[in-house]
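Colleague: Supplied structure: target_37.cif, mmCIF, C-alpha atoms.
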data_coords
loop_
_atom_site.group_PDB
_atom_site.id
_atom_site.type_symbol
_atom_site.label_atom_id
_atom_site.label_comp_id
_atom_site.auth_asym_id
_atom_site.auth_seq_id
_atom_site.Cartn_x
_atom_site.Cartn_y
_atom_site.Cartn_z
ATOM 1 C CA MET A 1 0.000 0.000 0.000
ATOM 2 C CA GLN A 2 1.326 3.403 -0.905
ATOM 3 C CA GLU A 3 2.487 5.635 1.910
ATOM 4 C CA GLU A 4 0.057 8.387 0.851
ATOM 5 C CA THR A 5 -2.833 5.924 0.925
ATOM 6 C CA GLN A 6 -1.857 4.697 4.394
ATOM 7 C CA GLU A 7 -1.623 8.288 5.634
ATOM 8 C CA ARG A 8 -5.129 9.018 4.320
ATOM 9 C CA ILE A 9 -6.485 5.903 5.999
ATOM 10 C CA ILE A 10 -4.914 6.802 9.330
ATOM 11 C CA SER A 11 -6.141 10.382 9.005
ATOM 12 C CA ARG A 12 -9.696 9.226 8.254
ATOM 13 C CA HIS A 13 -9.525 6.848 11.219
ATOM 14 C CA ALA A 14 -8.414 9.690 13.495
ATOM 15 C CA GLN A 15 -11.253 11.861 12.218
ATOM 16 C CA MET A 16 -13.708 9.063 13.041
ATOM 17 C CA VAL A 17 -12.391 8.754 16.590
ATOM 18 C CA ASN A 18 -12.581 12.530 17.059
ATOM 19 C CA ASP A 19 -16.154 12.579 15.750
ATOM 20 C CA LEU A 20 -17.129 9.684 18.015
ATOM 21 C CA SER A 21 -15.591 11.540 20.954
ATOM 22 C CA ASP A 22 -18.235 14.231 20.512
ATOM 23 C CA HIS A 23 -20.870 11.584 21.342
ATOM 24 C CA ILE A 24 -19.083 9.178 23.675
ATOM 25 C CA TYR A 25 -16.935 10.727 26.387
ATOM 26 C CA LYS A 26 -16.447 10.230 30.092
ATOM 27 C CA GLU A 27 -19.013 12.830 31.146
ATOM 28 C CA SER A 28 -21.676 11.674 28.661
ATOM 29 C CA GLU A 29 -24.725 9.615 29.525
ATOM 30 C CA ASP A 30 -23.498 6.891 27.175
ATOM 31 C CA TRP A 31 -20.057 6.466 28.756
ATOM 32 C CA LEU A 32 -21.004 3.909 31.427
ATOM 33 C CA LYS A 33 -23.003 1.893 28.904
ATOM 34 C CA PHE A 34 -20.135 2.044 26.428
ATOM 35 C CA THR A 35 -17.494 0.934 28.922
ATOM 36 C CA ALA A 36 -19.714 -1.877 30.202
ATOM 37 C CA LEU A 37 -20.239 -3.224 26.680
ATOM 38 C CA VAL A 38 -16.649 -2.797 25.492
ATOM 39 C CA LYS A 39 -15.425 -4.949 28.397
ATOM 40 C CA ALA A 40 -16.442 -7.931 26.248
ATOM 41 C CA TYR A 41 -13.280 -7.184 24.238
ATOM 42 C CA MET A 42 -10.928 -5.918 26.908
ATOM 43 C CA PRO A 43 -10.205 -6.526 30.578
ATOM 44 C CA PRO A 44 -11.774 -3.991 32.955
ATOM 45 C CA LYS A 45 -8.356 -2.635 33.982
ATOM 46 C CA ALA A 46 -7.628 -1.793 30.325
ATOM 47 C CA VAL A 47 -10.715 0.425 30.065
ATOM 48 C CA LYS A 48 -9.343 3.955 30.211
ATOM 49 C CA ASP A 49 -10.886 7.380 30.629
ATOM 50 C CA ASN A 50 -11.160 8.297 26.962
ATOM 51 C CA LEU A 51 -12.328 6.821 23.710
ATOM 52 C CA GLN A 52 -8.985 7.224 21.935
ATOM 53 C CA GLN A 53 -7.206 4.969 24.435
ATOM 54 C CA ILE A 54 -9.933 2.353 24.168
ATOM 55 C CA VAL A 55 -9.835 2.384 20.366
ATOM 56 C CA ASP A 56 -6.025 2.143 20.459
ATOM 57 C CA TYR A 57 -6.289 -0.881 22.750
ATOM 58 C CA LEU A 58 -8.826 -2.564 20.452
ATOM 59 C CA ILE A 59 -6.444 -2.054 17.522
ATOM 60 C CA GLN A 60 -3.444 -3.353 19.478
ATOM 61 C CA GLN A 61 -5.389 -6.477 20.409
ATOM 62 C CA GLN A 62 -6.555 -6.856 16.780
ATOM 63 C CA HIS A 63 -10.241 -6.638 17.678
ATOM 64 C CA ILE A 64 -10.551 -3.874 15.085
ATOM 65 C CA SER A 65 -8.339 -2.465 12.350
ATOM 66 C CA TYR A 66 -8.373 0.556 10.046
ATOM 67 C CA GLY A 67 -11.615 0.324 8.087
ATOM 68 C CA HIS A 68 -12.809 -2.792 9.918
ATOM 69 C CA TYR A 69 -14.678 -1.692 13.004
ATOM 70 C CA ASP A 70 -17.269 -4.466 13.439
ATOM 71 C CA LYS A 71 -16.796 -4.945 17.178
ATOM 72 C CA LEU A 72 -16.640 -1.229 17.892
ATOM 73 C CA TYR A 73 -19.736 -0.719 15.752
ATOM 74 C CA GLU A 74 -21.640 -3.436 17.654
ATOM 75 C CA VAL A 75 -20.950 -1.711 20.954
ATOM 76 C CA VAL A 76 -21.685 1.814 19.757
ATOM 77 C CA PHE A 77 -24.842 0.818 17.858
ATOM 78 C CA LYS A 78 -26.356 -0.514 21.079
ATOM 79 C CA ILE A 79 -26.023 2.849 22.824
ATOM 80 C CA ASN A 80 -25.982 5.585 20.175
ATOM 81 C CA LYS A 81 -27.258 5.060 16.623
ATOM 82 C CA ALA A 82 -25.991 8.443 15.378
ATOM 83 C CA ALA A 83 -22.485 7.648 16.580
ATOM 84 C CA ALA A 84 -22.706 4.215 14.945
ATOM 85 C CA ASP A 85 -23.373 5.969 11.624
ATOM 86 C CA ILE A 86 -20.033 7.766 12.034
ATOM 87 C CA ILE A 87 -18.300 4.368 12.116
ATOM 88 C CA LYS A 88 -20.106 3.087 9.012
ATOM 89 C CA LYS A 89 -19.234 6.287 7.114
ATOM 90 C CA ALA A 90 -15.570 5.939 8.082
ATOM 91 C CA GLU A 91 -15.542 2.299 6.961
ATOM 92 C CA SER A 92 -17.009 3.333 3.613
ATOM 93 C CA ASP A 93 -14.520 6.183 3.212
ATOM 94 C CA ILE A 94 -11.556 3.968 4.078
ATOM 95 C CA LYS A 95 -12.704 1.347 1.586
ATOM 96 C CA ALA A 96 -12.885 4.091 -1.050
ATOM 97 C CA ILE A 97 -9.352 5.192 -0.145
ATOM 98 C CA GLN A 98 -8.099 1.614 -0.429
ATOM 99 C CA ASP A 99 -9.851 1.203 -3.783
ATOM 100 C CA GLY A 100 -8.312 4.418 -5.106
ATOM 101 C CA GLU A 101 -11.672 6.166 -5.318
ATOM 102 C CA TRP A 102 -11.027 8.696 -2.541
ATOM 103 C CA ARG A 103 -9.000 11.046 -4.737
ATOM 104 C CA GLN A 104 -11.844 11.134 -7.247
ATOM 105 C CA MET A 105 -14.406 11.802 -4.484
ATOM 106 C CA ASN A 106 -12.424 14.744 -3.097
ATOM 107 C CA THR A 107 -11.435 16.551 -6.282
#
If you took the structure in this file and wrote it as structure tokens, what would it be?
Modeller:
Amino acid sequence: MQEETQERIISRHAQMVNDLSDHIYKESEDWLKFTALVKAYMPPKAVKDNLQQIVDYLIQQQHISYGHYDKLYEVVFKINKAAADIIKKAESDIKAIQDGEWRQMNT
């Protein structure tokens, strides 16, 4: 995979996490639900205080990967449908980047 393509994928992933953070954060109503559900994929002591750390852990443990967020989507969909749409959009965008269609979409 070209370096530019990988950079775009990582950038789109980061944008997704930032967008999700507007919906799911420690002070939100959904946070306790989210952390309870995500414990299916990580030990309780690994659950941190912010979404970025949790997503990083899920990637490190290969529960999710760039553009493949099935387990994260399952958890988020159960608590916040609008936030789940953010994940599906990111998956679609990353697939377009991988297929070489992203440049055409953004020109």
Colleague: How many Å separate CA of Lys95 in chain A from CA of Trp31 in chain A?
Modeller: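 Interatomic distance, CA of Lys95 in chain A to CA of Trp31 in chain A: 28.6 Å.
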Colleague: Step by step, work through what the PyMOL selection byres ((chain A and resi 8-24) around 10) selects in the shown file, and finish by giving those residues as a PyMOL selection string.
Modeller: chain A and resi 3-7+25-35+50-52+55-56+65-67+76+79-80+82-91+93-98+102
Colleague: Take the PyMOL selection byres ((chain A and resi 41) around 12), run it mentally on this structure, and tell me the resulting residues as a ChimeraX atom specification.
Modeller: /A:34-40,42-47,54-55,57-64,70-72,74-75
Colleague: Could I get range 5-24 of chain A from the block written as a PDB file, in the first residue's frame, with N, CA, C and O atoms?
Modeller:
ATOM      1  N   THR A   5      -1.565   6.602   0.645  1.00  0.00           N
ATOM      2  CA  THR A   5      -2.833   5.924   0.925  1.00  0.00           C
ATOM      3  C   THR A   5      -2.933   5.579   2.402  1.00  0.00           C
ATOM      4  O   THR A   5      -3.971   5.810   3.040  1.00  0.00           O
ATOM      5  N   GLN A   6      -1.866   5.043   2.971  1.00  0.00           N
ATOM      6  CA  GLN A   6      -1.857   4.697   4.394  1.00  0.00           C
ATOM      7  C   GLN A   6      -2.069   5.937   5.257  1.00  0.00           C
ATOM      8  O   GLN A   6      -2.802   5.889   6.242  1.00  0.00           O
ATOM      9  N   GLU A   7      -1.445   7.043   4.886  1.00  0.00           N
ATOM     10  CA  GLU A   7      -1.623   8.288   5.634  1.00  0.00           C
ATOM     11  C   GLU A   7      -3.081   8.742   5.593  1.00  0.00           C
ATOM     12  O   GLU A   7      -3.626   9.189   6.602  1.00  0.00           O
ATOM     13  N   ARG A   8      -3.722   8.626   4.445  1.00  0.00           N
ATOM     14  CA  ARG A   8      -5.129   9.018   4.320  1.00  0.00           C
ATOM     15  C   ARG A   8      -6.023   8.115   5.166  1.00  0.00           C
ATOM     16  O   ARG A   8      -6.983   8.582   5.775  1.00  0.00           O
ATOM     17  N   ILE A   9      -5.702   6.847   5.191  1.00  0.00           N
ATOM     18  CA  ILE A   9      -6.485   5.903   5.999  1.00  0.00           C
ATOM     19  C   ILE A   9      -6.355   6.244   7.476  1.00  0.00           C
ATOM     20  O   ILE A   9      -7.349   6.315   8.200  1.00  0.00           O
ATOM     21  N   ILE A  10      -5.139   6.473   7.919  1.00  0.00           N
ATOM     22  CA  ILE A  10      -4.914   6.802   9.330  1.00  0.00           C
ATOM     23  C   ILE A  10      -5.576   8.131   9.675  1.00  0.00           C
ATOM     24  O   ILE A  10      -6.184   8.284  10.745  1.00  0.00           O
ATOM     25  N   SER A  11      -5.505   9.090   8.780  1.00  0.00           N
ATOM     26  CA  SER A  11      -6.141  10.382   9.005  1.00  0.00           C
ATOM     27  C   SER A  11      -7.661  10.237   9.099  1.00  0.00           C
ATOM     28  O   SER A  11      -8.294  10.824   9.982  1.00  0.00           O
ATOM     29  N   ARG A  12      -8.238   9.430   8.224  1.00  0.00           N
ATOM     30  CA  ARG A  12      -9.696   9.226   8.254  1.00  0.00           C
ATOM     31  C   ARG A  12     -10.107   8.496   9.534  1.00  0.00           C
ATOM     32  O   ARG A  12     -11.149   8.787  10.118  1.00  0.00           O
ATOM     33  N   HIS A  13      -9.284   7.552   9.957  1.00  0.00           N
ATOM     34  CA  HIS A  13      -9.525   6.848  11.219  1.00  0.00           C
ATOM     35  C   HIS A  13      -9.524   7.846  12.381  1.00  0.00           C
ATOM     36  O   HIS A  13     -10.427   7.830  13.219  1.00  0.00           O
ATOM     37  N   ALA A  14      -8.518   8.707  12.419  1.00  0.00           N
ATOM     38  CA  ALA A  14      -8.414   9.690  13.495  1.00  0.00           C
ATOM     39  C   ALA A  14      -9.623  10.627  13.496  1.00  0.00           C
ATOM     40  O   ALA A  14     -10.159  10.968  14.559  1.00  0.00           O
ATOM     41  N   GLN A  15     -10.069  11.015  12.318  1.00  0.00           N
ATOM     42  CA  GLN A  15     -11.253  11.861  12.218  1.00  0.00           C
ATOM     43  C   GLN A  15     -12.474  11.141  12.789  1.00  0.00           C
ATOM     44  O   GLN A  15     -13.279  11.737  13.509  1.00  0.00           O
ATOM     45  N   MET A  16     -12.597   9.847  12.505  1.00  0.00           N
ATOM     46  CA  MET A  16     -13.708   9.063  13.041  1.00  0.00           C
ATOM     47  C   MET A  16     -13.671   9.053  14.572  1.00  0.00           C
ATOM     48  O   MET A  16     -14.697   9.272  15.216  1.00  0.00           O
ATOM     49  N   VAL A  17     -12.510   8.803  15.129  1.00  0.00           N
ATOM     50  CA  VAL A  17     -12.391   8.754  16.590  1.00  0.00           C
ATOM     51  C   VAL A  17     -12.732  10.119  17.192  1.00  0.00           C
ATOM     52  O   VAL A  17     -13.455  10.201  18.191  1.00  0.00           O
ATOM     53  N   ASN A  18     -12.253  11.187  16.570  1.00  0.00           N
ATOM     54  CA  ASN A  18     -12.581  12.530  17.059  1.00  0.00           C
ATOM     55  C   ASN A  18     -14.084  12.780  16.997  1.00  0.00           C
ATOM     56  O   ASN A  18     -14.670  13.329  17.939  1.00  0.00           O
ATOM     57  N   ASP A  19     -14.708  12.386  15.895  1.00  0.00           N
ATOM     58  CA  ASP A  19     -16.154  12.579  15.750  1.00  0.00           C
ATOM     59  C   ASP A  19     -16.923  11.749  16.786  1.00  0.00           C
ATOM     60  O   ASP A  19     -17.896  12.225  17.368  1.00  0.00           O
ATOM     61  N   LEU A  20     -16.484  10.519  17.003  1.00  0.00           N
ATOM     62  CA  LEU A  20     -17.129   9.684  18.015  1.00  0.00           C
ATOM     63  C   LEU A  20     -16.979  10.289  19.410  1.00  0.00           C
ATOM     64  O   LEU A  20     -17.886  10.181  20.239  1.00  0.00           O
ATOM     65  N   SER A  21     -15.854  10.932  19.643  1.00  0.00           N
ATOM     66  CA  SER A  21     -15.591  11.540  20.954  1.00  0.00           C
ATOM     67  C   SER A  21     -16.565  12.664  21.284  1.00  0.00           C
ATOM     68  O   SER A  21     -16.739  13.015  22.450  1.00  0.00           O
ATOM     69  N   ASP A  22     -17.203  13.221  20.269  1.00  0.00           N
ATOM     70  CA  ASP A  22     -18.235  14.231  20.512  1.00  0.00           C
ATOM     71  C   ASP A  22     -19.505  13.600  21.079  1.00  0.00           C
ATOM     72  O   ASP A  22     -20.328  14.290  21.679  1.00  0.00           O
ATOM     73  N   HIS A  23     -19.678  12.296  20.883  1.00  0.00           N
ATOM     74  CA  HIS A  23     -20.870  11.584  21.342  1.00  0.00           C
ATOM     75  C   HIS A  23     -20.601  10.712  22.567  1.00  0.00           C
ATOM     76  O   HIS A  23     -21.470  10.559  23.423  1.00  0.00           O
ATOM     77  N   ILE A  24     -19.408  10.133  22.613  1.00  0.00           N
ATOM     78  CA  ILE A  24     -19.083   9.178  23.675  1.00  0.00           C
ATOM     79  C   ILE A  24     -17.831   9.671  24.396  1.00  0.00           C
ATOM     80  O   ILE A  24     -16.726   9.588  23.875  1.00  0.00           O
TER      81      ILE A  24
END
